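Take a look at the structure below.
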Amino acid sequence: MTRSVLRLAGFTVSMLILASASTAWAAQAWPTRPVALVVPFSAGGPTDTVARVLANAMSKSLGKSVVVENRTGAGGTIGAGYVARARKDGYTFLLHHNGMATSRALYRELPFDALNSFEYIGEVVDVPMTLVGRADLPPDDMKSLTAWLRANRDKVNLAHAGPGAASHMCAMLLRRALGLQLTTVPFQGTAPAMTALVGGHVDLLCDQTTQTLSYIRAKKVKMYGTAARRRIGLLPDSPTLIEGGLKDFEVTVWHGIYAPKGTPRIALDGFGSALRQALRDPEVIRRFRELGGEPVADQQATPAGLRDRLRAEIGKWTPIIRSETGYLD
């Protein structure tokens, strides 16, 4: 009996050692298949554009495809919730923007906790916002637009890409800055909102240069200003909204990458390394700058950098949103 017990114990220990070795070997082999990068907004929108530029470069360094998946709805909360609940195997990541910080104040119930449901990978890129109008809108600059909006406040439609989207935040700040409760029209993403603007179905849209730049250059929309502290290099002749009379009106869209809480360290470190390598890629830098964005520095493209940015943005936006709840649609 004693020999049998000892043999069984020895066999069990051997199997545990083999299992441990097998697990370690499998972890070291990451990635062995394509990796999903979930974008919680529609295809063709600004965050989707950032994701696809990034995914192409990261695929090269990882040796496996980074596949962009669009899981839209509820201002990005559906896609973020999906990633929070995804398997913790290192094959699902999330690319989100400011909405990760604003969702806590915008929604009473969320399928995730922005601060505690995810592992942090790093920041990606900062993109300035622009205020544009339909091409045949009468005013030609921000000061005349302000006067026109005051005179036509009951007729103006201000588009945005859905509750919690960056364009929604910019629209909210615009109404607050002007002191006008302009009618807002939510869309399922920035692309359909821009289509409505170009078609003349809405009057104004505030969104990222990632989405608006090509339309501005083609004169399919009228440019009123950038929501930045200084003029941007790609639009040197376009004034800032601050120059147009909106005091301290600054909205920069930032993007970060997250993973489900509990994702293996090998995957977190590997994806983070691929991110920083991609952000130093001349082609990625060129593409982001063409879109009006600027890749972040190495120290921001880290878990600590992203965590600090998220906490700071939550602190910034929460009191603003709560003070403007009467404006939210």
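Chain labels follow the order of the structure tokens: the first chain is A, the next B, and so on; residue numbering restarts at 1 in every chain, and ligands are counted from 1 in their shown order.
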Original post:
What residues in region 44-266 of chain A get the DSSP label strand (DSSP E or B)? Please answer as an MDAnalysis selection string.
Top reply: chainID A and resid 66:70 92:96 118:134 157:160 183:186 204:208 221:226 240 252:260
Can those selected residues be exported to a file as a PDB file, in the first residue's frame so that it contains C-alpha atoms?
ATOM      1  CA  VAL A  66      -3.502  42.172 -35.441  1.00  0.00           C
ATOM      2  CA  VAL A  67      -7.118  42.119 -36.615  1.00  0.00           C
ATOM      3  CA  VAL A  68      -9.362  45.131 -35.987  1.00  0.00           C
ATOM      4  CA  GLU A  69     -12.851  44.207 -34.781  1.00  0.00           C
ATOM      5  CA  ASN A  70     -15.609  46.841 -34.585  1.00  0.00           C
ATOM      6  CA  THR A  92      -8.092  40.329 -27.126  1.00  0.00           C
ATOM      7  CA  PHE A  93      -7.189  43.993 -26.644  1.00  0.00           C
ATOM      8  CA  LEU A  94      -9.140  47.262 -26.710  1.00  0.00           C
ATOM      9  CA  LEU A  95      -8.336  50.573 -28.396  1.00  0.00           C
ATOM     10  CA  HIS A  96     -10.469  53.302 -26.829  1.00  0.00           C
ATOM     11  CA  PHE A 118      -8.536  46.242 -17.438  1.00  0.00           C
ATOM     12  CA  GLU A 119      -4.802  45.912 -17.684  1.00  0.00           C
ATOM     13  CA  TYR A 120      -3.096  48.983 -19.144  1.00  0.00           C
ATOM     14  CA  ILE A 121      -0.871  48.737 -22.228  1.00  0.00           C
ATOM     15  CA  GLY A 122      -0.163  52.378 -23.120  1.00  0.00           C
ATOM     16  CA  GLU A 123      -1.255  55.587 -24.778  1.00  0.00           C
ATOM     17  CA  VAL A 124      -1.118  55.803 -28.560  1.00  0.00           C
ATOM     18  CA  VAL A 125      -1.775  59.177 -30.157  1.00  0.00           C
ATOM     19  CA  ASP A 126      -3.267  62.610 -29.445  1.00  0.00           C
ATOM     20  CA  VAL A 127      -5.583  64.100 -32.063  1.00  0.00           C
ATOM     21  CA  PRO A 128      -7.028  67.656 -32.033  1.00  0.00           C
ATOM     22  CA  MET A 129     -10.718  68.314 -32.613  1.00  0.00           C
ATOM     23  CA  THR A 130     -12.163  70.609 -35.278  1.00  0.00           C
ATOM     24  CA  LEU A 131     -15.486  72.402 -35.546  1.00  0.00           C
ATOM     25  CA  VAL A 132     -16.926  72.146 -39.054  1.00  0.00           C
ATOM     26  CA  GLY A 133     -20.230  73.074 -40.645  1.00  0.00           C
ATOM     27  CA  ARG A 134     -22.142  72.202 -43.776  1.00  0.00           C
ATOM     28  CA  ASN A 157     -28.773  70.888 -35.464  1.00  0.00           C
ATOM     29  CA  LEU A 158     -25.455  69.861 -33.920  1.00  0.00           C
ATOM     30  CA  ALA A 159     -24.405  66.309 -34.849  1.00  0.00           C
ATOM     31  CA  HIS A 160     -22.343  63.924 -32.763  1.00  0.00           C
ATOM     32  CA  THR A 183     -30.442  70.702 -30.606  1.00  0.00           C
ATOM     33  CA  THR A 184     -28.073  67.761 -30.864  1.00  0.00           C
ATOM     34  CA  VAL A 185     -28.508  64.789 -33.195  1.00  0.00           C
ATOM     35  CA  PRO A 186     -26.765  61.519 -32.197  1.00  0.00           C
ATOM     36  CA  LEU A 204     -22.412  71.422 -37.333  1.00  0.00           C
ATOM     37  CA  LEU A 205     -20.087  68.678 -36.158  1.00  0.00           C
ATOM     38  CA  CYS A 206     -17.118  68.838 -33.810  1.00  0.00           C
ATOM     39  CA  ASP A 207     -14.778  65.913 -34.399  1.00  0.00           C
ATOM     40  CA  GLN A 208     -11.203  64.755 -34.820  1.00  0.00           C
ATOM     41  CA  VAL A 221     -17.451  71.251 -45.180  1.00  0.00           C
ATOM     42  CA  LYS A 222     -16.766  74.713 -43.798  1.00  0.00           C
ATOM     43  CA  MET A 223     -13.973  74.964 -41.217  1.00  0.00           C
ATOM     44  CA  TYR A 224     -14.537  77.141 -38.139  1.00  0.00           C
ATOM     45  CA  GLY A 225     -11.542  76.303 -36.002  1.00  0.00           C
ATOM     46  CA  THR A 226      -9.484  73.747 -34.108  1.00  0.00           C
ATOM     47  CA  THR A 240      -8.187  77.979 -33.070  1.00  0.00           C
ATOM     48  CA  THR A 252      -7.695  66.798 -27.617  1.00  0.00           C
ATOM     49  CA  VAL A 253      -8.713  63.228 -28.271  1.00  0.00           C
ATOM     50  CA  TRP A 254      -6.316  60.696 -26.811  1.00  0.00           C
ATOM     51  CA  HIS A 255      -6.268  56.946 -27.414  1.00  0.00           C
ATOM     52  CA  GLY A 256      -5.111  54.077 -25.230  1.00  0.00           C
ATOM     53  CA  ILE A 257      -4.849  50.290 -25.422  1.00  0.00           C
ATOM     54  CA  TYR A 258      -6.226  47.997 -22.710  1.00  0.00           C
ATOM     55  CA  ALA A 259      -6.547  44.246 -22.057  1.00  0.00           C
ATOM     56  CA  PRO A 260      -8.874  42.186 -19.852  1.00  0.00           C
TER      57      PRO A 260
END
Original post:
In Å, with one decimal, what is the gap from CA of Leu173 (chain A) to CA of Lys247 (chain A)?
Top reply: 11.1 Å
**OP:** Might you pull out every residue within 10 Å of Leu180 (chain A), with only C-alpha atoms counted and same-chain residues fewer than 4 positions away left off, and present them as an MDAnalysis selection string?
**Re:** chainID A and resid 149:150 153:154 172 174:176 327
Would you save the residues of that selection, restricted to C-alpha atoms, as an mmCIF file, in the first residue's frame?
data_model
loop_
_atom_site.group_PDB
_atom_site.id
_atom_site.type_symbol
_atom_site.label_atom_id
_atom_site.label_comp_id
_atom_site.auth_asym_id
_atom_site.auth_seq_id
_atom_site.Cartn_x
_atom_site.Cartn_y
_atom_site.Cartn_z
ATOM 1 C CA LEU A 149 -26.157 80.582 -33.700
ATOM 2 C CA ARG A 150 -27.625 83.015 -31.213
ATOM 3 C CA ARG A 153 -30.665 78.744 -31.864
ATOM 4 C CA ASP A 154 -34.022 76.985 -32.320
ATOM 5 C CA MET A 172 -21.428 69.607 -24.917
ATOM 6 C CA LEU A 174 -19.554 74.096 -27.275
ATOM 7 C CA ARG A 175 -23.086 74.500 -25.966
ATOM 8 C CA ARG A 176 -21.714 75.314 -22.531
ATOM 9 C CA TYR A 327 -27.455 69.517 -21.638
#
**OP:** May I ask for the distance between CA of Arg229 (chain A) and CA of Ile242 (chain A), given in Å to one decimal place?
**Re:** 7.3 Å
Original post:
Excluding same-chain residues fewer than 2 positions from region 41-58 of chain A, what lies within 9 Å of it counting only C-alpha atoms, as a PyMOL selection string?
Top reply: chain A and resi 37-39+60-73+75-76+79+95-97+124-125+161+165+188-192+207-212+255+271+274-275+277-279+281+283-284+287-288+291
Go ahead and save the picked residues with C-alpha atoms, as an mmCIF file, in the first residue's frame.
data_model
loop_
_atom_site.group_PDB
_atom_site.id
_atom_site.type_symbol
_atom_site.label_atom_id
_atom_site.label_comp_id
_atom_site.auth_asym_id
_atom_site.auth_seq_id
_atom_site.Cartn_x
_atom_site.Cartn_y
_atom_site.Cartn_z
ATOM 1 C CA LEU A 37 -7.837 44.716 -31.430
ATOM 2 C CA VAL A 38 -11.394 45.749 -30.582
ATOM 3 C CA VAL A 39 -12.559 49.225 -31.585
ATOM 4 C CA LYS A 60 4.888 43.101 -38.545
ATOM 5 C CA SER A 61 6.687 43.197 -35.202
ATOM 6 C CA LEU A 62 4.540 40.469 -33.596
ATOM 7 C CA GLY A 63 4.772 38.110 -36.555
ATOM 8 C CA LYS A 64 1.010 37.502 -36.351
ATOM 9 C CA SER A 65 -1.899 39.556 -37.655
ATOM 10 C CA VAL A 66 -3.502 42.172 -35.441
ATOM 11 C CA VAL A 67 -7.118 42.119 -36.615
ATOM 12 C CA VAL A 68 -9.362 45.131 -35.987
ATOM 13 C CA GLU A 69 -12.851 44.207 -34.781
ATOM 14 C CA ASN A 70 -15.609 46.841 -34.585
ATOM 15 C CA ARG A 71 -18.081 46.295 -31.737
ATOM 16 C CA THR A 72 -20.188 49.425 -31.658
ATOM 17 C CA GLY A 73 -22.913 50.975 -29.569
ATOM 18 C CA GLY A 75 -20.817 55.452 -26.819
ATOM 19 C CA GLY A 76 -18.172 52.742 -26.875
ATOM 20 C CA GLY A 79 -17.111 47.189 -27.062
ATOM 21 C CA LEU A 95 -8.336 50.573 -28.396
ATOM 22 C CA HIS A 96 -10.469 53.302 -26.829
ATOM 23 C CA HIS A 97 -10.359 57.087 -26.649
ATOM 24 C CA VAL A 124 -1.118 55.803 -28.560
ATOM 25 C CA VAL A 125 -1.775 59.177 -30.157
ATOM 26 C CA ALA A 161 -21.308 60.269 -32.949
ATOM 27 C CA ALA A 165 -18.203 59.869 -28.098
ATOM 28 C CA GLN A 188 -24.167 55.550 -34.687
ATOM 29 C CA GLY A 189 -20.590 56.675 -35.228
ATOM 30 C CA THR A 190 -18.673 59.572 -36.749
ATOM 31 C CA ALA A 191 -18.841 58.336 -40.339
ATOM 32 C CA PRO A 192 -22.668 58.572 -40.574
ATOM 33 C CA ASP A 207 -14.778 65.913 -34.399
ATOM 34 C CA GLN A 208 -11.203 64.755 -34.820
ATOM 35 C CA THR A 209 -8.959 65.830 -37.673
ATOM 36 C CA THR A 210 -8.647 62.084 -38.331
ATOM 37 C CA GLN A 211 -12.184 62.267 -39.700
ATOM 38 C CA THR A 212 -12.564 65.867 -40.837
ATOM 39 C CA HIS A 255 -6.268 56.946 -27.414
ATOM 40 C CA PHE A 271 1.846 43.851 -26.973
ATOM 41 C CA ALA A 274 4.976 46.074 -30.199
ATOM 42 C CA LEU A 275 3.038 49.287 -29.529
ATOM 43 C CA GLN A 277 7.978 49.876 -31.686
ATOM 44 C CA ALA A 278 5.047 50.832 -33.949
ATOM 45 C CA LEU A 279 4.975 54.389 -32.598
ATOM 46 C CA ASP A 281 7.873 53.474 -37.163
ATOM 47 C CA GLU A 283 5.358 55.176 -41.686
ATOM 48 C CA VAL A 284 3.092 55.230 -38.614
ATOM 49 C CA ARG A 287 0.240 58.474 -41.329
ATOM 50 C CA PHE A 288 -0.732 59.850 -37.912
ATOM 51 C CA LEU A 291 -4.398 62.749 -39.990
#
**OP:** Grab the CA of Asp237 (chain A) to CA of Ala166 (chain A) distance for me, in Å with one decimal place.
**Re:**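 We find that CA of Asp237 (chain A) and CA of Ala166 (chain A) lie 24.0 Å from each other.
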Original post:
Of the candidates A:Ala36, A:Ser103, A:Asp203, A:Trp30, which one gets nearest to Leu310 (chain A) if we count only C-alpha atoms?
Top reply: A:Ser103
**OP:** Determine, counting only C-alpha atoms, which protein, DNA and RNA residues have an atom within 12 Å of an atom of Asp308 (chain A); residues of the same chain fewer than 5 positions away are not included. Present the result as a list in words.
**Re:** Ala101, Leu115, Tyr120, Gly122, Glu123, Gly256, Gln299, Gln300, Ala301, Thr302, Pro303, Glu313, Ile314 and Gly315 of chain A
Original post:
as JSON, numbers by chain, which residues of region 20-233 of chain A does DSSP assign to helix (DSSP H, G or I)?
Top reply: {"A": [20, 21, 22, 23, 24, 25, 26, 27, 28, 46, 47, 48, 49, 50, 51, 52, 53, 54, 55, 56, 57, 58, 59, 60, 61, 62, 74, 75, 76, 77, 78, 79, 80, 81, 82, 83, 84, 85, 99, 100, 101, 102, 103, 104, 105, 106, 142, 143, 144, 145, 146, 147, 148, 149, 150, 151, 166, 167, 168, 169, 170, 171, 172, 173, 174, 175, 176, 177, 178, 190, 191, 192, 193, 194, 195, 196, 197, 198, 209, 210, 211, 212, 213, 214, 215, 216, 217]}
Close residues, Leu235 (chain A) itself excluded, 9 Å, only C-alpha atoms, min 4 positions apart in chain, as a CSV table (one decimal) with N, CA and C atoms, in the first residue's frame:
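Wrote out.csv, looks like this:
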chain,number,residue,atom,x,y,z
A,213,LEU,N,-10.3,66.1,-41.7
A,213,LEU,CA,-9.3,66.7,-42.5
A,213,LEU,C,-9.5,66.6,-44.0
A,226,THR,N,-10.0,74.9,-34.8
A,226,THR,CA,-9.5,73.7,-34.1
A,226,THR,C,-9.6,74.0,-32.6
A,231,ARG,N,-2.5,76.7,-33.3
A,231,ARG,CA,-2.8,76.2,-34.6
A,231,ARG,C,-2.0,75.0,-35.0
A,239,PRO,N,-7.8,79.2,-37.8
A,239,PRO,CA,-7.6,79.7,-36.4
A,239,PRO,C,-8.1,78.6,-35.4
A,292,GLY,N,-3.4,64.5,-38.7
A,292,GLY,CA,-3.5,65.6,-37.7
A,292,GLY,C,-3.1,65.1,-36.3
Original post:
Of the candidates A:Ile321, A:Gly233, A:Asp89, A:Ala80, which one gets nearest to Arg265 (chain A) if we count only C-alpha atoms?
Top reply: A:Asp89
Subject >> Shortest interatomic distance to Pro31 (chain A) - which of A:Ile266, A:Ile285, A:Ala114, A:Leu106, counting only C-alpha atoms >> reply: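 Comparing A:Ile266, A:Ile285, A:Ala114, A:Leu106 against Pro31 (chain A), the winner is A:Ile266.
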